[in-house]
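Participant: Starting off with a structure, shown below.
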Amino acid sequence: MTPLLETHCVTRILPGPLPVTLVRDINLTVQPGEFIAITGPSGSGKSSLLYLLGLLDVPTGGSVYLEGRDTSKLSRSELAALRLKKLGFVFQFHFLLPEFSVLENVMLPMRKLGARSEPQMRARATEILDELGLSPEIKRRPDQISGGQRQRVAIARALANDPLIILADEPTGNLDTKSGHIVFDIFRRLVEDNRQTVITVTHDTQLSALTQRQIHLVDGSIVGAEYAASV
Amino acid sequence: MWLPVEIALTHLRNRKRQTLVSVLGVAMGVGFFIAMAALMQGFHVYFISKVIDVWPHVTIKDEYRSAPPQPVQRLFGDGVVTLYGLKPREELRGIKDADTVLAELNRRTDLAAAPTLRGQVFLRYGSKDVSATLVGIEPPHERRVSHLENDLIAGSLNALHTAANGIILGDGVAKKIGAELNDTLSVISPAGVILKMKVVGIFRTGITPIDNFESYALLKKAQILQDRPNVINQIRIRLNDVNQARSIASSIEARLDYRTESWEETYENILGIFVIQNGIMYSTVGAILIVAAFGIFNIISTVIHEKTRDIGILKSIGFEERDIRRIFLIEGLLVGLIGTLLGWALGYGLTRLLGTIRFHIEGFVTAQGFILYYSITHYLIAGGFAILSAAFAAWLPARKAAHLNPVDIIRGAA
């Protein structure tokens, strides 16, 4: 079976007078339905690795394979199209468009994809928001809801186009413990109930323990991956 | 609504005041352009229509563009002998064999020709001496080549025949000398002939040089005054199609050798001023629109700076560079478009306002207010230029926004 996501010797070096190596020789395989945490001290290259896995950034060496397809030869707009269809992002900051309502923010990726009709998009967005317990807020604007709710809206937006993988970059970094647990709970439910694949960067060991597999990075290299016994 | 348009609109809505200023900048550029163009082309078109109306379209004069070669020159052509101190022969002025020329011209169906004798005279009335050009005409012919009869504000053309010595004055001449209808004045020619002439008409064409310096009498009287019996020195021609003036003038000149001027050539200097005037107008208004374009550049750069995060998130979601570029281009175009529409209204309003102002002006033409020319072309030029410059002003920052790297933005925010 082709792995969902695979990396071969992925290296990312920031060019400059003093080149900085963000990640080095990363070999990684992600199977469908996995819930993975990338952990490590700050500056270890967690986020850089996530951006590479999410095709936001392009490696300076090695390749990232999505569904067995080499992405290193793709143009920027082809990568954008892949992100739109197959990947969903959640960042530390919610990054919602402030002028658009919660519902409109969730509809944004669907509108860009254009695969559904307007009422279908509306129904789909409402359904996702409902699952995440946000139905009362759909008409509100991002600045009218709490931080935890905003992050859940961001997750809803990441789910909008039924992505293969959800990539989260410190999704709980700005949240209180309770909201953080809610977010991780959502991820776990997505993995368990919907066979969704989730890769999240976190430095919170308490939360990373909730995942099936942790990838520990130190100075841009993997130092040992351990699997949770079973979920 | 199309997504890029919707996002563009929210950006502009969030910066209402700045958007308004940019829109007004464009609107003013467009509006002023339209008003100025209407004003300037108004005078231009009015002047031309007046000239075409009043002045003969083609004038044959009794002179040559270059003096005809002397027999000795013709004999020793091509530098065998060098001649010093050669003077062109002084010829008796006047168009030779004018009757034949006139008869021939009047056989043509595309034009009408009339004989004239033009000469300088002194008008003396009371204690005043005024120099003027006296044009000797034959009313039946004159009617076919100029609208003198329509321009009379007092008296009549026929009175030239009924009065013993009738003269028709331009209203500027009449004012200068202080004479009115039916006054009798002395007309003195350089040939020394003095005639008592009665003012039988006063005309006003609206073209200042004509109204201030010309007067008309019967051809016979003019010939007596100038002591040049049976001589005419100009043939004035009116064409059915005024656009043919240049080509007909040059074909007549080629046949007769006499200097033959189209009205464009006669008024070349003044028409040249209009060209310069148009140049000034286009550059002034161009400058206004360039300033407006800076406004657009400014607002879009500001929006992009403010919305860097949004650009990052849109790109991470999967928006392509061209989507981002499109959003900001649309913003610029919207500003340009709304500004153009407002500017059209402003321009129309300004033009109407200018039209209501009444005053007396006397330049090349005399008028009682601004003469305005409404033309859809002005609106299209102004709008086209405004939208183009808006698009360009937006395109520069939009391109920059499209090239922003989402990773940098997200890292920067974290």
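All residue names refer to the structure tokens as shown: chains lettered A, B, ... in order, residues numbered from 1 in each chain, ligands numbered from 1 in order.
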Dump as a Markdown table the rows for residues of chain A within 9 Å of chain B: closest atom pair and distance in Å with one decimal, only C-alpha atoms counted, ordered by chain and rising residue number.

Facilitator:
```
| residue | atom | partner | partner_atom | distance |
| --- | --- | --- | --- | --- |
| A:Ser47 | CA | B:Arg411 | CA | 8.6 |
| A:Ser48 | CA | B:Val407 | CA | 8.6 |
| A:Tyr51 | CA | B:Val407 | CA | 7.2 |
| A:Gly54 | CA | B:Ser316 | CA | 8.8 |
| A:Leu55 | CA | B:Ser316 | CA | 8.9 |
| A:Leu56 | CA | B:Ser316 | CA | 6.5 |
| A:Asp57 | CA | B:Val407 | CA | 6.6 |
| A:Arg76 | CA | B:Glu320 | CA | 7.7 |
| A:Ser77 | CA | B:Glu320 | CA | 5.5 |
| A:Glu78 | CA | B:Glu320 | CA | 8.6 |
| A:Leu79 | CA | B:Gly318 | CA | 7.9 |
| A:Ala80 | CA | B:Gly318 | CA | 4.3 |
| A:Ala81 | CA | B:Gly318 | CA | 5.7 |
| A:Leu82 | CA | B:Gly318 | CA | 7.3 |
| A:Arg83 | CA | B:Gly318 | CA | 5.1 |
| A:Leu84 | CA | B:Gly318 | CA | 4.2 |
| A:Lys85 | CA | B:Gly318 | CA | 7.9 |
| A:Leu87 | CA | B:Ile317 | CA | 8.1 |
| A:Gly88 | CA | B:Ile317 | CA | 7.0 |
| A:Phe89 | CA | B:Ile317 | CA | 7.1 |
| A:Phe91 | CA | B:Ile410 | CA | 8.1 |
| A:Gln92 | CA | B:Ala414 | CA | 7.0 |
| A:Phe93 | CA | B:Ala414 | CA | 7.3 |
| A:Phe95 | CA | B:Ile313 | CA | 6.2 |
| A:Leu96 | CA | B:Asp310 | CA | 7.6 |
| A:Leu97 | CA | B:Asp310 | CA | 6.2 |
| A:Pro98 | CA | B:Asp310 | CA | 8.8 |
| A:Glu99 | CA | B:Thr10 | CA | 6.6 |
| A:Phe100 | CA | B:Thr10 | CA | 8.4 |
| A:Leu108 | CA | B:Leu3 | CA | 8.3 |
| A:Pro109 | CA | B:Ile317 | CA | 6.4 |
| A:Arg111 | CA | B:Leu3 | CA | 7.2 |
| A:Lys112 | CA | B:Phe319 | CA | 7.2 |
| A:Leu113 | CA | B:Gly318 | CA | 8.8 |
| A:Arg157 | CA | B:Ile317 | CA | 8.9 |
| A:Ala158 | CA | B:Ile317 | CA | 7.9 |
```

Participant: Identify, with DSSP run on backbone atoms, the residues in region 13-138 of chain B assigned to strand (DSSP E), and express the list as a ChimeraX atom specification.

Facilitator: /B:58-61,111-125,128-137

Participant: Can you tell me which residues surround Val199 (chain B) at a distance of at most 10 Å, considering only C-alpha atoms, apart from same-chain residues fewer than 3 positions away, and format the answer as a PyMOL selection string?

Facilitator: chain B and resi 154-155+159-160+163+165-169+174+179-185+196+202+215-217

Participant: Within 9 Å of Val365 (chain B), counting only C-alpha atoms, which residues show up once you throw out same-chain ones fewer than 5 positions away? Write them as a PDB file with C-alpha atoms, in the first residue's frame, please.

Facilitator:
```pdb
ATOM      1  CA  PHE B  43     -13.100  77.357 -28.704  1.00  0.00           C
ATOM      2  CA  TYR B  46     -16.082  77.329 -32.721  1.00  0.00           C
ATOM      3  CA  PHE B  47     -13.148  79.116 -34.228  1.00  0.00           C
ATOM      4  CA  LYS B  50     -16.577  80.564 -37.703  1.00  0.00           C
ATOM      5  CA  THR B 205     -18.513  87.788 -37.515  1.00  0.00           C
ATOM      6  CA  GLY B 206     -17.181  86.975 -34.049  1.00  0.00           C
ATOM      7  CA  ILE B 207     -13.625  86.660 -35.377  1.00  0.00           C
ATOM      8  CA  THR B 208     -11.745  89.572 -33.875  1.00  0.00           C
ATOM      9  CA  PRO B 209      -9.182  90.237 -36.632  1.00  0.00           C
TER      10      PRO B 209
END
```

Participant: In Å to one decimal, how far is CA of Val5 (chain B) from CA of Leu346 (chain B)?

Facilitator: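 Straight-line distance from CA of Leu346 (chain B) to CA of Val5 (chain B) works out to 26.1 Å.
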
Participant: Which one is closest to Lys73 (chain A): A:Gly16, A:Gly40, A:Pro59, A:Gly33? Count only C-alpha atoms.

Facilitator: A:Pro59

Participant: Once DSSP has gone over the backbone, tell me which residues of region 15-262 of chain B are in alpha helix (DSSP H), as a ChimeraX atom specification.

Facilitator: /B:16-54,71-75,98-107,139-145,148-151,159-162,171-177,208-213,219-226,245-256

Participant: With distances taken over only C-alpha atoms, which of B:Leu404, B:Ile270, B:Val101, B:Ile381 is nearest to Leu289 (chain B)?

Facilitator: B:Ile381

Participant: Would you list the contacts of region 189-203 of chain A as a list in words, taking every protein, DNA or RNA residue within 6 Å and counting only C-alpha atoms, but skipping same-chain residues closer than 6 positions in sequence?

Facilitator: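 Final neighbour list, sorted by chain and number: Pro32, Gly33, Glu34, Phe35, Ile36, Ala37, Ile38, Thr39, Ile165, Ile166, Leu167, Ala168, Asp169 and Glu170 of chain A.
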
Participant: Selection from above, N, CA and C atoms, as a PDB file, in the first residue's frame, can you write it?

Facilitator:
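Written output follows (part.pdb):
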```
ATOM      1  N   PRO A  32      -2.290   6.371   6.155  1.00  0.00           N
ATOM      2  CA  PRO A  32      -3.621   6.955   6.384  1.00  0.00           C
ATOM      3  C   PRO A  32      -4.117   6.632   7.782  1.00  0.00           C
ATOM      4  N   GLY A  33      -4.782   7.599   8.385  1.00  0.00           N
ATOM      5  CA  GLY A  33      -5.396   7.376   9.684  1.00  0.00           C
ATOM      6  C   GLY A  33      -4.445   7.533  10.841  1.00  0.00           C
ATOM      7  N   GLU A  34      -3.233   8.013  10.593  1.00  0.00           N
ATOM      8  CA  GLU A  34      -2.291   8.194  11.691  1.00  0.00           C
ATOM      9  C   GLU A  34      -2.520   9.532  12.371  1.00  0.00           C
ATOM     10  N   PHE A  35      -2.207   9.573  13.657  1.00  0.00           N
ATOM     11  CA  PHE A  35      -2.279  10.815  14.431  1.00  0.00           C
ATOM     12  C   PHE A  35      -0.875  11.029  14.974  1.00  0.00           C
ATOM     13  N   ILE A  36      -0.159  11.988  14.396  1.00  0.00           N
ATOM     14  CA  ILE A  36       1.261  12.128  14.671  1.00  0.00           C
ATOM     15  C   ILE A  36       1.534  13.469  15.331  1.00  0.00           C
ATOM     16  N   ALA A  37       2.412  13.468  16.320  1.00  0.00           N
ATOM     17  CA  ALA A  37       2.878  14.715  16.905  1.00  0.00           C
ATOM     18  C   ALA A  37       4.342  14.891  16.555  1.00  0.00           C
ATOM     19  N   ILE A  38       4.697  16.081  16.096  1.00  0.00           N
ATOM     20  CA  ILE A  38       6.106  16.409  15.915  1.00  0.00           C
ATOM     21  C   ILE A  38       6.496  17.238  17.117  1.00  0.00           C
ATOM     22  N   THR A  39       7.453  16.753  17.888  1.00  0.00           N
ATOM     23  CA  THR A  39       7.831  17.445  19.114  1.00  0.00           C
ATOM     24  C   THR A  39       9.301  17.828  19.054  1.00  0.00           C
ATOM     25  N   ILE A 165      -4.892  15.056   4.679  1.00  0.00           N
ATOM     26  CA  ILE A 165      -4.120  15.258   5.901  1.00  0.00           C
ATOM     27  C   ILE A 165      -4.447  16.625   6.491  1.00  0.00           C
ATOM     28  N   ILE A 166      -4.541  16.660   7.818  1.00  0.00           N
ATOM     29  CA  ILE A 166      -4.633  17.940   8.502  1.00  0.00           C
ATOM     30  C   ILE A 166      -3.280  18.215   9.120  1.00  0.00           C
ATOM     31  N   LEU A 167      -2.723  19.397   8.838  1.00  0.00           N
ATOM     32  CA  LEU A 167      -1.437  19.761   9.407  1.00  0.00           C
ATOM     33  C   LEU A 167      -1.664  20.909  10.369  1.00  0.00           C
ATOM     34  N   ALA A 168      -1.209  20.717  11.616  1.00  0.00           N
ATOM     35  CA  ALA A 168      -1.454  21.750  12.612  1.00  0.00           C
ATOM     36  C   ALA A 168      -0.127  22.187  13.205  1.00  0.00           C
ATOM     37  N   ASP A 169       0.062  23.511  13.258  1.00  0.00           N
ATOM     38  CA  ASP A 169       1.312  24.064  13.758  1.00  0.00           C
ATOM     39  C   ASP A 169       1.040  24.717  15.106  1.00  0.00           C
ATOM     40  N   GLU A 170       1.421  24.061  16.193  1.00  0.00           N
ATOM     41  CA  GLU A 170       1.162  24.572  17.539  1.00  0.00           C
ATOM     42  C   GLU A 170      -0.275  25.056  17.674  1.00  0.00           C
TER      43      GLU A 170
END
```

Participant: Which residues are near Leu132 (chain A)? Cut-off 10 Å, only C-alpha atoms, ignore same chain within fewer than 5 positions. Put them as a PyMOL selection string.

Facilitator: chain A and resi 126-127+149+152-153+155-156+182-183+186

Participant: Write out, as a CSV table (one decimal), in the first residue's frame, the residues just selected, with C-alpha atoms.

Facilitator:
```
chain,number,residue,atom,x,y,z
A,126,THR,CA,-22.8,24.4,8.5
A,127,GLU,CA,-22.5,20.6,9.0
A,149,GLN,CA,-13.8,28.9,19.2
A,152,ARG,CA,-12.1,25.4,16.1
A,153,VAL,CA,-13.3,27.5,13.2
A,155,ILE,CA,-10.1,23.5,12.1
A,156,ALA,CA,-13.5,23.6,10.4
A,182,ILE,CA,-10.8,20.4,23.3
A,183,VAL,CA,-8.8,20.9,20.1
A,186,ILE,CA,-11.4,17.0,18.0
```

Participant: Find the spatial neighbours of Thr356 (chain B), counting only C-alpha atoms, within a cut-off of 9 Å - ignore same-chain residues fewer than 5 positions away - and output them as a list of chain:residue names.

Facilitator: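 Selected residues are B:Thr351, B:Gly369, B:Phe370.
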